[in-house]
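Presented below is the structure to which this report refers.
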Amino acid sequence: MSPAHDRYKVTLRQDLRPAPFAGRRLKAYARAALALLSPNGADVRVRVVGDAAIARWNREFLGRDRPTNVLSFPEADGVPARGAKVAGDIVVSAPTCLSETRGWKEEPEARVFFFVLHGILHLAGYDHEKGGAPARRMRRKELALFRRVLGEGRGRIR
């Protein structure tokens with residue numbers, strides 16, 4: 001096992017049957033992003049669901065009665081200190097993620113990873129909800145990490 005595998009724990013559960021893709025690559029992408037973020041460890045649990053399930057959670061936890069691409073649930077309250085352990089749950093709707101990235105040339109795992117990465121950044125304390133400089137900072141970090149993990153020049157990102 002690699003040091004990143006030991007230090008940055010990522011588990012994946014796919015509720016959809018048949019599963020939309022093999023999870024091994026998605027987990028490897030998430031670990032690589034965590035290694036680049038360099039937190040003091042990580043325990044990230046990713047759950048891949050359909051639109052109906054994520055719409056229920058979006059309604060229950062955020063009061064938004066519709067499907068969304070990703071929801072993140074940090075393990076700890078408040079904003080984590082820089083470099084603190086990244087821990088929590090990320091729920092992604094594979095159908096929504098794949099639909100929103102339909103024109104991208106990457107394989108499905110990479111396209112869904114873009115949204116998992118968004119969730120990881122939320123767990124690490126990044127936020128875009130209020131707009132402005134924090135939203136721009138999060139977007140820059142998201143794009144930079146996505147490109148680095150997938151390799152420069154491979155992704156067509158909007």
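We label chains A, B, ... in the order they appear in the structure tokens, count residues from 1 in each chain, and number ligands from 1 in the order shown.
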
For this session: Extract, using only C-alpha atoms, all DNA, RNA and protein residues at most 9 Å from Phe113 in chain A, discarding same-chain residues fewer than 5 positions from it, and format them as a ChimeraX atom specification.
Result: /A:26-27,29-30,108,118,146

For this session: Write out as a PyMOL selection string the residues lying within 9 Å of range 78-94 of chain A, counting only C-alpha atoms and excluding same-chain residues fewer than 6 positions away.
Result: chain A and resi 8+16+20+34+37-54+67-72+108+112+115-116+119-121+123-126

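Straight-line separation from CA of Ala22 in chain A to CA of Leu36 in chain A: 23.1 Å.
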
For this session: May I ask which of the residues A:Leu62, A:Ser99, A:Ala33, A:Asp127 is the closest one to Ala144 in chain A, counting only C-alpha atoms?
Result: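 When distances to Ala144 in chain A are compared using only C-alpha atoms, the smallest one comes from A:Ala33.
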
Problem set entry | Nearest residue to Glu100 in chain A from the set A:Phe114, A:Glu142, A:Phe73, A:Asp15 (distances using only C-alpha atoms) |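 Nearest to Glu100 in chain A: A:Phe114.
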
Problem set entry | Members of chain A assigned strand (DSSP E or B) by DSSP, as a list of chain:residue names | A:Tyr8, A:Lys9, A:Val10, A:Thr11, A:Leu12, A:Arg13, A:Gln14, A:Ala42, A:Asp43, A:Val44, A:Arg45, A:Val46, A:Arg47, A:Val48, A:Val49, A:Val70, A:Leu71, A:Ser72, A:Phe73, A:Pro74, A:Val86, A:Ala87, A:Gly88, A:Asp89, A:Ile90, A:Val91, A:Val92, A:Ser93

For this session: Would you work out the distance separating CA of Arg59 in chain A from CA of Lys9 in chain A, expressed in Å to one decimal?
Result: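 Spanning CA of Arg59 in chain A to CA of Lys9 in chain A is a straight-line distance of 28.6 Å.
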
Exercise. Mind pulling up the distance from CA of Glu109 in chain A to CA of Leu145 in chain A?
Worked result: 15.4 Å

Exercise. Which of these, A:Asp65, A:Ala133, A:Phe21, A:Ala35, has the shortest distance to Arg7 in chain A once you count only C-alpha atoms?
Worked result: A:Ala35

For this session: Select from range 8-78 of chain A everything DSSP, run on the backbone, classes as alpha helix (DSSP H), then give the selection as a list of chain:residue names.
Result: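 Alpha helix (DSSP H) assignments inside range 8-78 of chain A correspond to A:Gly23, A:Arg24, A:Arg25, A:Leu26, A:Lys27, A:Ala28, A:Tyr29, A:Ala30, A:Arg31, A:Ala32, A:Ala33, A:Leu34, A:Ala35, A:Leu36, A:Leu37, A:Asp51, A:Ala52, A:Ala53, A:Ile54, A:Ala55, A:Arg56, A:Trp57, A:Asn58, A:Arg59, A:Glu60, A:Phe61, A:Leu62.
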
Take the residues from that selection and put them in a file with C-alpha atoms, as a PDB file, in the first residue's frame.
ATOM      1  CA  GLY A  23     -14.840   2.702  -8.446  1.00  0.00           C
ATOM      2  CA  ARG A  24     -11.107   2.020  -8.218  1.00  0.00           C
ATOM      3  CA  ARG A  25     -10.087   4.877 -10.493  1.00  0.00           C
ATOM      4  CA  LEU A  26     -12.458   7.359  -8.817  1.00  0.00           C
ATOM      5  CA  LYS A  27     -10.947   6.479  -5.427  1.00  0.00           C
ATOM      6  CA  ALA A  28      -7.418   6.886  -6.828  1.00  0.00           C
ATOM      7  CA  TYR A  29      -8.321  10.336  -8.203  1.00  0.00           C
ATOM      8  CA  ALA A  30      -9.711  11.370  -4.815  1.00  0.00           C
ATOM      9  CA  ARG A  31      -6.584  10.155  -2.992  1.00  0.00           C
ATOM     10  CA  ALA A  32      -4.346  12.005  -5.459  1.00  0.00           C
ATOM     11  CA  ALA A  33      -6.303  15.235  -4.895  1.00  0.00           C
ATOM     12  CA  LEU A  34      -6.050  14.803  -1.133  1.00  0.00           C
ATOM     13  CA  ALA A  35      -2.305  14.250  -1.399  1.00  0.00           C
ATOM     14  CA  LEU A  36      -2.003  17.511  -3.350  1.00  0.00           C
ATOM     15  CA  LEU A  37      -4.076  19.327  -0.719  1.00  0.00           C
ATOM     16  CA  ASP A  51     -31.240  11.696  -8.821  1.00  0.00           C
ATOM     17  CA  ALA A  52     -34.153  10.595  -6.612  1.00  0.00           C
ATOM     18  CA  ALA A  53     -31.887   9.832  -3.640  1.00  0.00           C
ATOM     19  CA  ILE A  54     -29.874  13.036  -3.886  1.00  0.00           C
ATOM     20  CA  ALA A  55     -33.087  15.070  -4.318  1.00  0.00           C
ATOM     21  CA  ARG A  56     -34.365  13.623  -0.999  1.00  0.00           C
ATOM     22  CA  TRP A  57     -31.123  14.590   0.795  1.00  0.00           C
ATOM     23  CA  ASN A  58     -31.051  18.007  -0.860  1.00  0.00           C
ATOM     24  CA  ARG A  59     -34.621  18.618   0.350  1.00  0.00           C
ATOM     25  CA  GLU A  60     -33.975  17.244   3.846  1.00  0.00           C
ATOM     26  CA  PHE A  61     -30.670  18.989   4.555  1.00  0.00           C
ATOM     27  CA  LEU A  62     -30.755  22.137   2.403  1.00  0.00           C
TER      28      LEU A  62
END
